[in-house]
Each structure stands twice: as structure tokens, then as C-alpha cells.
$ cat protein_37.pdb   # PDB, C-alpha atoms, pLDDT in the B column
ATOM      1  CA  MET A   1      18.166 -12.346  14.070  1.00 48.00           C
ATOM      2  CA  ALA A   2      17.480 -10.196  10.999  1.00 52.00           C
ATOM      3  CA  ALA A   3      20.145 -12.033   9.002  1.00 55.00           C
ATOM      4  CA  SER A   4      18.657 -15.371  10.105  1.00 84.00           C
ATOM      5  CA  THR A   5      15.187 -14.263   8.983  1.00 88.00           C
ATOM      6  CA  ALA A   6      16.630 -13.140   5.652  1.00 89.00           C
ATOM      7  CA  SER A   7      18.138 -16.606   5.108  1.00 90.00           C
ATOM      8  CA  GLN A   8      14.863 -18.288   6.073  1.00 92.00           C
ATOM      9  CA  ILE A   9      12.925 -16.135   3.598  1.00 92.00           C
ATOM     10  CA  ILE A  10      15.249 -17.137   0.765  1.00 92.00           C
ATOM     11  CA  GLU A  11      14.967 -20.809   1.744  1.00 92.00           C
ATOM     12  CA  ALA A  12      11.152 -20.594   1.834  1.00 92.00           C
ATOM     13  CA  ILE A  13      11.058 -18.796  -1.510  1.00 91.00           C
ATOM     14  CA  GLY A  14      12.811 -21.758  -3.123  1.00 90.00           C
ATOM     15  CA  GLY A  15      16.447 -20.809  -2.636  1.00 90.00           C
ATOM     16  CA  ALA A  16      18.592 -18.125  -4.220  1.00 88.00           C
ATOM     17  CA  GLY A  17      18.632 -20.089  -7.461  1.00 89.00           C
ATOM     18  CA  ASN A  18      14.888 -19.577  -7.760  1.00 90.00           C
ATOM     19  CA  VAL A  19      15.186 -15.775  -7.589  1.00 91.00           C
ATOM     20  CA  LYS A  20      15.518 -13.816 -10.837  1.00 89.00           C
ATOM     21  CA  SER A  21      15.324 -10.381  -9.230  1.00 88.00           C
ATOM     22  CA  LEU A  22      14.304  -8.714  -5.989  1.00 89.00           C
ATOM     23  CA  THR A  23      13.009  -5.194  -5.340  1.00 88.00           C
ATOM     24  CA  HIS A  24      10.907  -3.670  -2.580  1.00 88.00           C
ATOM     25  CA  CYS A  25       8.204  -1.055  -2.070  1.00 85.00           C
ATOM     26  CA  ALA A  26       7.159   0.672   1.152  1.00 80.00           C
ATOM     27  CA  THR A  27       6.197  -2.537   2.969  1.00 85.00           C
ATOM     28  CA  ARG A  28       6.837  -5.535   0.697  1.00 88.00           C
ATOM     29  CA  LEU A  29       9.649  -7.531  -0.844  1.00 91.00           C
ATOM     30  CA  ARG A  30       8.886  -8.126  -4.523  1.00 90.00           C
ATOM     31  CA  PHE A  31      10.356 -11.305  -5.976  1.00 91.00           C
ATOM     32  CA  GLU A  32      10.530 -12.318  -9.625  1.00 89.00           C
ATOM     33  CA  LEU A  33      10.993 -16.092  -9.475  1.00 91.00           C
ATOM     34  CA  VAL A  34      12.036 -18.864 -11.813  1.00 90.00           C
ATOM     35  CA  ASP A  35       9.235 -21.102 -10.515  1.00 89.00           C
ATOM     36  CA  ALA A  36       6.615 -19.768  -8.085  1.00 85.00           C
ATOM     37  CA  GLY A  37       5.526 -23.353  -7.404  1.00 88.00           C
ATOM     38  CA  LYS A  38       8.627 -23.878  -5.249  1.00 90.00           C
ATOM     39  CA  VAL A  39       7.506 -21.299  -2.659  1.00 90.00           C
ATOM     40  CA  ASP A  40       6.590 -22.627   0.791  1.00 91.00           C
ATOM     41  CA  GLN A  41       3.824 -20.129   1.530  1.00 88.00           C
ATOM     42  CA  HIS A  42       2.848 -21.643   4.887  1.00 90.00           C
ATOM     43  CA  ARG A  43       6.418 -21.347   6.132  1.00 91.00           C
ATOM     44  CA  LEU A  44       6.592 -17.730   5.005  1.00 90.00           C
ATOM     45  CA  GLU A  45       3.299 -16.784   6.661  1.00 88.00           C
ATOM     46  CA  THR A  46       4.302 -18.347   9.987  1.00 90.00           C
ATOM     47  CA  MET A  47       7.805 -16.900   9.978  1.00 90.00           C
ATOM     48  CA  LYS A  48       8.736 -14.341  12.632  1.00 88.00           C
ATOM     49  CA  GLY A  49       9.201 -10.917  11.044  1.00 87.00           C
ATOM     50  CA  VAL A  50       6.949 -11.722   8.064  1.00 90.00           C
ATOM     51  CA  LEU A  51       3.428 -10.267   8.038  1.00 89.00           C
ATOM     52  CA  GLY A  52       2.169 -12.151   5.016  1.00 87.00           C
ATOM     53  CA  ALA A  53       2.919 -13.758   1.654  1.00 88.00           C
ATOM     54  CA  VAL A  54       1.028 -12.754  -1.492  1.00 87.00           C
ATOM     55  CA  PRO A  55       1.260 -14.688  -4.795  1.00 87.00           C
ATOM     56  CA  GLN A  56       1.056 -12.487  -7.897  1.00 84.00           C
ATOM     57  CA  SER A  57       0.382 -13.211 -11.554  1.00 78.00           C
ATOM     58  CA  GLY A  58       3.019 -15.220 -13.378  1.00 77.00           C
ATOM     59  CA  ASP A  59       6.079 -16.077 -11.298  1.00 83.00           C
ATOM     60  CA  ARG A  60       5.994 -12.924  -9.186  1.00 87.00           C
ATOM     61  CA  TYR A  61       5.671 -13.104  -5.407  1.00 89.00           C
ATOM     62  CA  GLN A  62       5.428 -10.525  -2.639  1.00 90.00           C
ATOM     63  CA  VAL A  63       6.448 -10.977   0.997  1.00 92.00           C
ATOM     64  CA  VAL A  64       4.944  -8.446   3.412  1.00 90.00           C
ATOM     65  CA  ILE A  65       7.511  -7.178   5.940  1.00 91.00           C
ATOM     66  CA  GLY A  66       6.194  -3.791   7.060  1.00 86.00           C
ATOM     67  CA  GLY A  67       8.253  -0.749   7.988  1.00 83.00           C
ATOM     68  CA  ALA A  68      11.485  -2.750   8.262  1.00 86.00           C
ATOM     69  CA  VAL A  69      11.355  -3.812   4.607  1.00 87.00           C
ATOM     70  CA  ALA A  70      14.377  -1.721   3.542  1.00 87.00           C
ATOM     71  CA  THR A  71      16.564  -3.293   6.238  1.00 89.00           C
ATOM     72  CA  MET A  72      15.343  -6.786   5.376  1.00 90.00           C
ATOM     73  CA  TYR A  73      16.019  -6.129   1.686  1.00 90.00           C
ATOM     74  CA  GLU A  74      19.603  -5.120   2.460  1.00 90.00           C
ATOM     75  CA  ASN A  75      20.092  -8.185   4.683  1.00 90.00           C
ATOM     76  CA  ILE A  76      18.850 -10.476   1.924  1.00 90.00           C
ATOM     77  CA  MET A  77      20.943  -8.855  -0.802  1.00 89.00           C
ATOM     78  CA  HIS A  78      24.063  -9.184   1.379  1.00 88.00           C
ATOM     79  CA  LEU A  79      23.643 -12.950   1.758  1.00 89.00           C
ATOM     80  CA  PRO A  80      26.509 -14.789  -0.013  1.00 87.00           C
ATOM     81  CA  GLU A  81      24.097 -16.933  -2.019  1.00 85.00           C
ATOM     82  CA  MET A  82      22.370 -13.804  -3.375  1.00 85.00           C
ATOM     83  CA  ALA A  83      25.464 -12.499  -5.137  1.00 80.00           C
ATOM     84  CA  GLY A  84      24.494 -11.498  -8.675  1.00 71.00           C
ATOM     85  CA  VAL A  85      20.738 -11.730  -8.097  1.00 74.00           C
ATOM     86  CA  GLY A  86      18.877  -8.690  -9.419  1.00 60.00           C
ATOM     87  CA  ALA A  87      21.480  -7.943 -12.090  1.00 40.00           C
ATOM     88  CA  GLY A  88      18.885  -8.544 -14.798  1.00 40.00           C
ATOM     89  CA  LYS A  89      18.458 -11.067 -17.546  1.00 38.00           C
ATOM     90  CA  GLY A  90      21.663 -11.979 -19.294  1.00 35.00           C
ATOM     91  CA  ALA A  91      23.942 -10.496 -16.645  1.00 35.00           C
ATOM     92  CA  VAL A  92      27.034 -12.377 -15.587  1.00 36.00           C
ATOM     93  CA  ALA A  93      29.040 -12.381 -12.393  1.00 35.00           C
ATOM     94  CA  GLY A  94      30.912  -9.128 -11.956  1.00 37.00           C
ATOM     95  CA  ASP A  95      28.419  -7.041 -13.946  1.00 39.00           C
ATOM     96  CA  LYS A  96      26.958  -4.011 -12.238  1.00 41.00           C
ATOM     97  CA  ALA A  97      23.513  -4.740 -10.783  1.00 43.00           C
ATOM     98  CA  GLN A  98      20.582  -2.732 -12.042  1.00 46.00           C
ATOM     99  CA  SER A  99      18.843  -0.248  -9.811  1.00 50.00           C
ATOM    100  CA  ASP A 100      15.409  -1.002  -8.343  1.00 51.00           C
ATOM    101  CA  ALA A 101      13.849   1.337 -10.920  1.00 54.00           C
ATOM    102  CA  ASP A 102      15.545  -0.502 -13.805  1.00 55.00           C
ATOM    103  CA  VAL A 103      14.408  -3.897 -12.546  1.00 51.00           C
ATOM    104  CA  LYS A 104      10.833  -2.637 -12.048  1.00 53.00           C
ATOM    105  CA  ALA A 105      10.796  -1.201 -15.566  1.00 56.00           C
ATOM    106  CA  ALA A 106      11.985  -4.508 -16.998  1.00 54.00           C
ATOM    107  CA  GLU A 107       9.322  -6.449 -15.098  1.00 53.00           C
ATOM    108  CA  ARG A 108       6.555  -4.082 -16.204  1.00 55.00           C
ATOM    109  CA  ALA A 109       7.541  -4.711 -19.820  1.00 54.00           C
ATOM    110  CA  LYS A 110       6.809  -8.437 -19.458  1.00 52.00           C
ATOM    111  CA  VAL A 111       3.460 -10.190 -19.785  1.00 50.00           C
ATOM    112  CA  ARG A 112       1.746  -9.865 -16.399  1.00 52.00           C
ATOM    113  CA  GLY A 113      -1.285 -12.148 -16.699  1.00 52.00           C
ATOM    114  CA  LYS A 114      -5.017 -11.563 -16.934  1.00 53.00           C
ATOM    115  CA  VAL A 115      -5.075  -8.802 -14.299  1.00 56.00           C
ATOM    116  CA  ALA A 116      -2.109  -6.843 -15.642  1.00 62.00           C
ATOM    117  CA  TRP A 117      -4.152  -3.639 -15.881  1.00 68.00           C
ATOM    118  CA  MET A 118      -5.124  -3.933 -12.216  1.00 76.00           C
ATOM    119  CA  ASP A 119      -1.525  -4.565 -11.140  1.00 72.00           C
ATOM    120  CA  SER A 120      -0.394  -1.537 -13.143  1.00 75.00           C
ATOM    121  CA  PHE A 121      -3.174   0.645 -11.715  1.00 80.00           C
ATOM    122  CA  PHE A 122      -2.387  -0.122  -8.084  1.00 80.00           C
ATOM    123  CA  GLU A 123       1.346   0.147  -8.723  1.00 79.00           C
ATOM    124  CA  TYR A 124       0.709   3.605 -10.208  1.00 81.00           C
ATOM    125  CA  LEU A 125      -1.283   4.651  -7.114  1.00 85.00           C
ATOM    126  CA  SER A 126       1.366   3.231  -4.802  1.00 84.00           C
ATOM    127  CA  ASP A 127       4.215   5.059  -6.533  1.00 82.00           C
ATOM    128  CA  SER A 128       2.208   8.312  -6.475  1.00 87.00           C
ATOM    129  CA  PHE A 129       1.709   8.189  -2.699  1.00 87.00           C
ATOM    130  CA  ARG A 130       4.922   6.496  -1.521  1.00 85.00           C
ATOM    131  CA  PRO A 131       7.246   9.569  -1.607  1.00 86.00           C
ATOM    132  CA  ILE A 132       4.900  11.562   0.674  1.00 90.00           C
ATOM    133  CA  LEU A 133       4.105   8.842   3.211  1.00 88.00           C
ATOM    134  CA  GLY A 134       6.535  10.393   5.691  1.00 88.00           C
ATOM    135  CA  VAL A 135       4.853  13.788   5.395  1.00 90.00           C
ATOM    136  CA  LEU A 136       1.395  12.259   5.872  1.00 91.00           C
ATOM    137  CA  LEU A 137       2.608  10.289   8.871  1.00 91.00           C
ATOM    138  CA  GLY A 138       4.105  13.425  10.437  1.00 90.00           C
ATOM    139  CA  ALA A 139       0.889  15.399   9.934  1.00 91.00           C
ATOM    140  CA  SER A 140      -1.150  12.564  11.442  1.00 92.00           C
ATOM    141  CA  ILE A 141       1.096  12.441  14.506  1.00 92.00           C
ATOM    142  CA  ILE A 142       0.669  16.204  14.987  1.00 90.00           C
ATOM    143  CA  ILE A 143      -3.135  15.832  14.807  1.00 89.00           C
ATOM    144  CA  ALA A 144      -3.040  13.029  17.366  1.00 90.00           C
ATOM    145  CA  LEU A 145      -0.826  15.002  19.756  1.00 89.00           C
ATOM    146  CA  ILE A 146      -3.025  18.121  19.508  1.00 86.00           C
ATOM    147  CA  ASN A 147      -6.180  16.147  20.241  1.00 85.00           C
ATOM    148  CA  LEU A 148      -4.468  14.372  23.123  1.00 89.00           C
ATOM    149  CA  CYS A 149      -3.341  17.664  24.676  1.00 84.00           C
ATOM    150  CA  ILE A 150      -6.853  19.104  24.307  1.00 82.00           C
ATOM    151  CA  SER A 151      -8.561  16.024  25.747  1.00 85.00           C
ATOM    152  CA  ILE A 152      -6.425  15.948  28.899  1.00 85.00           C
ATOM    153  CA  GLY A 153      -6.676  19.712  29.367  1.00 79.00           C
ATOM    154  CA  ILE A 154      -3.076  20.726  28.735  1.00 78.00           C
ATOM    155  CA  VAL A 155      -4.226  23.333  26.222  1.00 75.00           C
ATOM    156  CA  PRO A 156      -7.713  24.815  25.664  1.00 72.00           C
ATOM    157  CA  GLY A 157      -9.603  23.531  22.647  1.00 64.00           C
ATOM    158  CA  GLU A 158     -11.184  26.774  21.468  1.00 61.00           C
ATOM    159  CA  GLU A 159     -10.693  27.623  17.814  1.00 57.00           C
ATOM    160  CA  ALA A 160      -9.570  31.099  18.873  1.00 53.00           C
ATOM    161  CA  ASN A 161      -6.650  29.669  20.827  1.00 64.00           C
ATOM    162  CA  THR A 162      -3.683  31.446  19.247  1.00 71.00           C
ATOM    163  CA  SER A 163      -1.136  29.074  20.785  1.00 69.00           C
ATOM    164  CA  LEU A 164      -2.261  26.328  18.394  1.00 78.00           C
ATOM    165  CA  VAL A 165      -2.579  28.411  15.226  1.00 80.00           C
ATOM    166  CA  PHE A 166       0.926  27.670  13.952  1.00 82.00           C
ATOM    167  CA  ILE A 167       0.855  23.990  14.919  1.00 82.00           C
ATOM    168  CA  LYS A 168      -2.525  23.492  13.253  1.00 82.00           C
ATOM    169  CA  ALA A 169      -1.255  25.272  10.147  1.00 86.00           C
ATOM    170  CA  ILE A 170       1.419  22.587   9.754  1.00 85.00           C
ATOM    171  CA  TRP A 171      -0.923  19.636   9.361  1.00 87.00           C
ATOM    172  CA  LYS A 172      -3.663  21.636   7.618  1.00 89.00           C
ATOM    173  CA  GLY A 173      -1.119  22.810   5.052  1.00 90.00           C
ATOM    174  CA  VAL A 174      -0.083  19.218   4.319  1.00 90.00           C
ATOM    175  CA  PHE A 175      -3.641  18.062   3.609  1.00 92.00           C
ATOM    176  CA  TYR A 176      -4.594  21.269   1.777  1.00 92.00           C
ATOM    177  CA  PHE A 177      -1.712  20.895  -0.684  1.00 93.00           C
ATOM    178  CA  LEU A 178      -1.911  17.090  -0.784  1.00 93.00           C
ATOM    179  CA  PRO A 179      -3.516  17.027  -4.278  1.00 93.00           C
ATOM    180  CA  ILE A 180      -0.606  19.069  -5.648  1.00 94.00           C
ATOM    181  CA  MET A 181       1.963  16.717  -4.112  1.00 93.00           C
ATOM    182  CA  ILE A 182       0.145  13.678  -5.494  1.00 93.00           C
ATOM    183  CA  ALA A 183      -0.118  15.295  -8.940  1.00 93.00           C
ATOM    184  CA  TYR A 184       3.626  16.021  -8.853  1.00 92.00           C
ATOM    185  CA  ASN A 185       4.483  12.377  -8.090  1.00 90.00           C
ATOM    186  CA  ALA A 186       1.883  11.023 -10.526  1.00 91.00           C
ATOM    187  CA  SER A 187       3.389  13.137 -13.315  1.00 92.00           C
ATOM    188  CA  LYS A 188       6.863  11.787 -12.567  1.00 88.00           C
ATOM    189  CA  LYS A 189       5.454   8.268 -12.772  1.00 85.00           C
ATOM    190  CA  LEU A 190       4.073   9.065 -16.247  1.00 88.00           C
ATOM    191  CA  LYS A 191       7.418  10.629 -17.246  1.00 86.00           C
ATOM    192  CA  VAL A 192       5.775  14.034 -17.649  1.00 89.00           C
ATOM    193  CA  ASP A 193       7.245  17.270 -16.286  1.00 91.00           C
ATOM    194  CA  PRO A 194       6.200  17.033 -12.599  1.00 89.00           C
ATOM    195  CA  TRP A 195       5.964  20.812 -12.292  1.00 91.00           C
ATOM    196  CA  LEU A 196       3.402  20.798 -15.092  1.00 92.00           C
ATOM    197  CA  GLY A 197       1.266  18.256 -13.249  1.00 90.00           C
ATOM    198  CA  GLY A 198       1.558  20.177  -9.993  1.00 90.00           C
ATOM    199  CA  SER A 199       0.706  23.469 -11.705  1.00 92.00           C
ATOM    200  CA  ILE A 200      -2.418  22.027 -13.345  1.00 91.00           C
ATOM    201  CA  MET A 201      -3.655  20.729  -9.995  1.00 92.00           C
ATOM    202  CA  ALA A 202      -2.848  24.061  -8.324  1.00 90.00           C
ATOM    203  CA  ALA A 203      -4.903  25.865 -10.982  1.00 90.00           C
ATOM    204  CA  LEU A 204      -7.840  23.533 -10.347  1.00 89.00           C
ATOM    205  CA  MET A 205      -7.584  24.219  -6.611  1.00 87.00           C
ATOM    206  CA  THR A 206      -7.725  28.012  -6.864  1.00 84.00           C
ATOM    207  CA  PRO A 207     -10.955  29.545  -5.488  1.00 79.00           C
ATOM    208  CA  SER A 208     -11.658  31.234  -8.829  1.00 71.00           C
ATOM    209  CA  SER A 209     -11.475  27.942 -10.747  1.00 59.00           C
ATOM    210  CA  PRO A 210     -14.783  27.132 -12.523  1.00 62.00           C
ATOM    211  CA  THR A 211     -14.633  23.606 -11.077  1.00 54.00           C
TER     212      THR A 211
END

$ encode --input "protein_37.pdb" --output "C-alpha cells"
Amino acid sequence: MAASTASQIIEAIGGAGNVKSLTHCATRLRFELVDAGKVDQHRLETMKGVLGAVPQSGDRYQVVIGGAVATMYENIMHLPEMAGVGAGKGAVAGDKAQSDADVKAAERAKVRGKVAWMDSFFEYLSDSFRPILGVLLGASIIIALINLCISIGIVPGEEANTSLVFIKAIWKGVFYFLPIMIAYNASKKLKVDPWLGGSIMAALMTPSSPT
């Protein structure tokens, strides 16, 4: 079924010949196309397994998949007709394909339309948060489970309840140090020493900081 959906996505996007490169983020497939006018958006939006289709500036196109985006990306890239796609401009058959990071860097270097600054801004935010999404999800699940146990009376809800001190410390620690983690990732995105970015944020978070 997944392989069938992958084939249908490529057909709706205009065929493998219309795809210059393909990368993905946390939830979306990111296509760089030869001609975005060939995309059948209605077919994409009504396709099982696809949550949405979003045209971008120029000939870029995003297909929203959700949490299964990595699997869908692999299924698409393993289609016979996709051989060589994503190898970059000027590549020939048999050349080593570029990594996702290389393709993204090449696309960012191109003209991106009237809202290029907005695309770059949201891409920067996305790349700063993406590496810690799993940690945030885990902390949120812990919060939900604690509140559920308290609401149905499995454990008492008093703040002095020592049985929950350690469990609460897990999710509180994640959100307390969240600015440092974001600063670390944001620094990497800017190609600055990530430890420097994290240290600056840690200094700003200290109780004795003038801020």
C-alpha cells in the first residue's frame, strides 16, 4: 500500500521526470520541480496517506504526510523511475547522490521568490526545533500520564507527594532547559559553535543574570 501511494504521489506531481530533487522535514516531502504547473493538486489532496499539498514559491512544492514521512520518502526514492533523482544539478547516472543537507543548501542558494525571507525564517525555526521534537513529545506524554493518574485517583495529587518528585523532575527539566537546547540547535543552523550558543543562553537563564 505504501509503495502504491508513493507511485501515485510521483504521478500526481507530474512524473519522475518533473522532479529535480526531493528532501523531507519532520512531516513534509519537499519537491523541487521542473514545472510546478504539472502538479495535480486535487489528486494529491484527496489521496489516501496524504494530509495536504502546499505550493511554494518558484517550482517548489510540499506534500504533507505526517509522522510517516521518512518511510514515504524511502518508498519514493526506491521507485525504479526515481533512480538518479536528487543527485543535484549536472549529475549523471552512477554519480553519488547528495545528502538531504547538501540538496537543501543548494536550494537555499537559489532565488526563492518575493517571500524568500519568510521561507528562510520559518525554515530556521523548524530546523531549530526539529531535533528535540522527540524529547518534547516524551515530556508531554509524561505530563498527560501524571494528570490521568491523578484524575482517576491512582496517585494523590498533592505537591508534597514524594512518589511523583522524580517523574515530575523529568518533564520539568526538559522545559526548564528548553531554551538552551533551542539555542544549541539554532547555533548549529547558523554554523556557529553550538556550545557557545548554549552557554550564552545558560548564562542568561542564571538567577543572578541582570535580565

$ closest_residue --input "protein_37.pdb" --among "A:Thr5, A:Thr23, A:Asn185, A:Ser126" --to "Ala70 of chain A" --atoms "all atoms listed in the file"
A:Thr23

$ closest_residue --input "protein_37.pdb" --among "A:Ile65, A:Leu145, A:Leu29, A:Leu79" --to "Gly15 of chain A" --atoms "all atoms listed in the file"
A:Leu79

$ residues_around --input "protein_37.pdb" --residues "Met201 of chain A" --least-positions-apart "6" --cutoff "10 Å" --atoms "all atoms listed in the file" --output "list in words"
Phe177, Pro179, Ile180, Met181, Ile182, Ala183, Tyr184 and Trp195 of chain A

$ write_last_selection --input "protein_37.pdb" --atoms "C-alpha atoms" --output "PDB file, keeping the file's coordinate frame"
ATOM      1  CA  PHE A 177      -1.712  20.895  -0.684  1.00 93.00           C
ATOM      2  CA  PRO A 179      -3.516  17.027  -4.278  1.00 93.00           C
ATOM      3  CA  ILE A 180      -0.606  19.069  -5.648  1.00 94.00           C
ATOM      4  CA  MET A 181       1.963  16.717  -4.112  1.00 93.00           C
ATOM      5  CA  ILE A 182       0.145  13.678  -5.494  1.00 93.00           C
ATOM      6  CA  ALA A 183      -0.118  15.295  -8.940  1.00 93.00           C
ATOM      7  CA  TYR A 184       3.626  16.021  -8.853  1.00 92.00           C
ATOM      8  CA  TRP A 195       5.964  20.812 -12.292  1.00 91.00           C
TER       9      TRP A 195
END

$ residues_near_point --input "protein_37.pdb" --point "(-4.4, 12.7, 3.3)" --cutoff "10 Å" --atoms "only C-alpha atoms" --output "list of chain:residue names"
A:Phe129, A:Ile132, A:Leu133, A:Val135, A:Leu136, A:Leu137, A:Ala139, A:Ser140, A:Trp171, A:Lys172, A:Val174, A:Phe175, A:Tyr176, A:Phe177, A:Leu178, A:Pro179, A:Ile182

$ closest_residue --input "protein_37.pdb" --among "A:Gln56, A:Tyr61, A:Lys48, A:Ser128" --to "Pro194 of chain A" --atoms "all atoms listed in the file"
A:Ser128

$ closest_residue --input "protein_37.pdb" --among "A:His24, A:Gly17, A:Ile150, A:Gly58" --to "Gly37 of chain A" --atoms "only C-alpha atoms"
A:Gly58

$ closest_residue --input "protein_37.pdb" --among "A:Ile154, A:Leu22, A:Ile9, A:Lys191" --to "His42 of chain A" --atoms "only C-alpha atoms"
A:Ile9

$ closest_residue --input "protein_37.pdb" --among "A:Pro55, A:Asp35, A:Ala186, A:Asn147" --to "Arg130 of chain A" --atoms "only C-alpha atoms"
A:Ala186

$ atom_distance --input "protein_37.pdb" --atom1 "atom CA of Asp40 of chain A" --atom2 "atom CA of Leu125 of chain A"
29.5 Å

$ atom_distance --input "protein_37.pdb" --atom1 "atom CA of Glu81 of chain A" --atom2 "atom CA of Ala16 of chain A"
6.0 Å

$ atom_distance --input "protein_37.pdb" --atom1 "atom CA of Met77 of chain A" --atom2 "atom CA of Val39 of chain A"
18.4 Å

$ resolve_selection --input "protein_37.pdb" --expression "the PyMOL selection byres ((chain A and resi 43) around 12)" --output "list in words"
Thr5, Gln8, Ile9, Ile10, Glu11, Ala12, Ile13, Gly14, Lys38, Val39, Asp40, Gln41, His42, Leu44, Glu45, Thr46, Met47, Lys48, Gly49, Val50, Leu51, Gly52, Ala53 and Val63 of chain A

$ residues_around --input "protein_37.pdb" --residues "Gly66 of chain A" --least-positions-apart "5" --cutoff "8 Å" --atoms "all atoms listed in the file" --output "tab-separated table (two decimals) with C-alpha atoms, in the coordinates of the input"
chain	number	residue	atom	x	y	z
A	26	ALA	CA	7.16	0.67	1.15
A	27	THR	CA	6.20	-2.54	2.97
A	28	ARG	CA	6.84	-5.54	0.70
A	51	LEU	CA	3.43	-10.27	8.04

$ decode --input "protein_37.pdb" --residues "segment 48-62 of chain A" --atoms "N, CA and C atoms" --output "PDB file, in the first residue's frame"
ATOM      1  N   LYS A  48      -5.176   8.919  -0.325  1.00  0.00           N
ATOM      2  CA  LYS A  48      -5.048   8.279   0.977  1.00  0.00           C
ATOM      3  C   LYS A  48      -3.584   8.293   1.411  1.00  0.00           C
ATOM      4  N   GLY A  49      -3.341   8.731   2.644  1.00  0.00           N
ATOM      5  CA  GLY A  49      -1.980   8.814   3.158  1.00  0.00           C
ATOM      6  C   GLY A  49      -1.363  10.188   3.010  1.00  0.00           C
ATOM      7  N   VAL A  50      -2.046  11.090   2.291  1.00  0.00           N
ATOM      8  CA  VAL A  50      -1.568  12.464   2.110  1.00  0.00           C
ATOM      9  C   VAL A  50      -2.481  13.408   2.879  1.00  0.00           C
ATOM     10  N   LEU A  51      -1.898  14.250   3.722  1.00  0.00           N
ATOM     11  CA  LEU A  51      -2.676  15.165   4.560  1.00  0.00           C
ATOM     12  C   LEU A  51      -2.876  16.529   3.923  1.00  0.00           C
ATOM     13  N   GLY A  52      -2.115  16.815   2.883  1.00  0.00           N
ATOM     14  CA  GLY A  52      -2.260  18.107   2.228  1.00  0.00           C
ATOM     15  C   GLY A  52      -1.174  18.326   1.195  1.00  0.00           C
ATOM     16  N   ALA A  53      -1.381  19.328   0.336  1.00  0.00           N
ATOM     17  CA  ALA A  53      -0.407  19.698  -0.684  1.00  0.00           C
ATOM     18  C   ALA A  53      -0.255  21.212  -0.661  1.00  0.00           C
ATOM     19  N   VAL A  54       0.988  21.680  -0.566  1.00  0.00           N
ATOM     20  CA  VAL A  54       1.231  23.117  -0.365  1.00  0.00           C
ATOM     21  C   VAL A  54       2.195  23.654  -1.423  1.00  0.00           C
ATOM     22  N   PRO A  55       1.701  24.456  -2.379  1.00  0.00           N
ATOM     23  CA  PRO A  55       2.603  25.082  -3.358  1.00  0.00           C
ATOM     24  C   PRO A  55       3.509  26.090  -2.652  1.00  0.00           C
ATOM     25  N   GLN A  56       4.761  26.176  -3.110  1.00  0.00           N
ATOM     26  CA  GLN A  56       5.717  27.129  -2.571  1.00  0.00           C
ATOM     27  C   GLN A  56       6.144  28.087  -3.679  1.00  0.00           C
ATOM     28  N   SER A  57       6.983  29.041  -3.346  1.00  0.00           N
ATOM     29  CA  SER A  57       7.466  29.983  -4.348  1.00  0.00           C
ATOM     30  C   SER A  57       8.322  29.264  -5.383  1.00  0.00           C
ATOM     31  N   GLY A  58       8.313  29.784  -6.609  1.00  0.00           N
ATOM     32  CA  GLY A  58       9.074  29.153  -7.671  1.00  0.00           C
ATOM     33  C   GLY A  58       8.468  27.816  -8.055  1.00  0.00           C
ATOM     34  N   ASP A  59       9.305  26.838  -8.302  1.00  0.00           N
ATOM     35  CA  ASP A  59       8.853  25.496  -8.669  1.00  0.00           C
ATOM     36  C   ASP A  59       9.038  24.512  -7.523  1.00  0.00           C
ATOM     37  N   ARG A  60       8.894  25.005  -6.299  1.00  0.00           N
ATOM     38  CA  ARG A  60       8.987  24.130  -5.130  1.00  0.00           C
ATOM     39  C   ARG A  60       7.588  23.736  -4.685  1.00  0.00           C
ATOM     40  N   TYR A  61       7.475  22.533  -4.141  1.00  0.00           N
ATOM     41  CA  TYR A  61       6.166  22.001  -3.743  1.00  0.00           C
ATOM     42  C   TYR A  61       6.353  21.107  -2.529  1.00  0.00           C
ATOM     43  N   GLN A  62       5.419  21.188  -1.596  1.00  0.00           N
ATOM     44  CA  GLN A  62       5.480  20.361  -0.394  1.00  0.00           C
ATOM     45  C   GLN A  62       4.230  19.498  -0.293  1.00  0.00           C
TER      46      GLN A  62
END
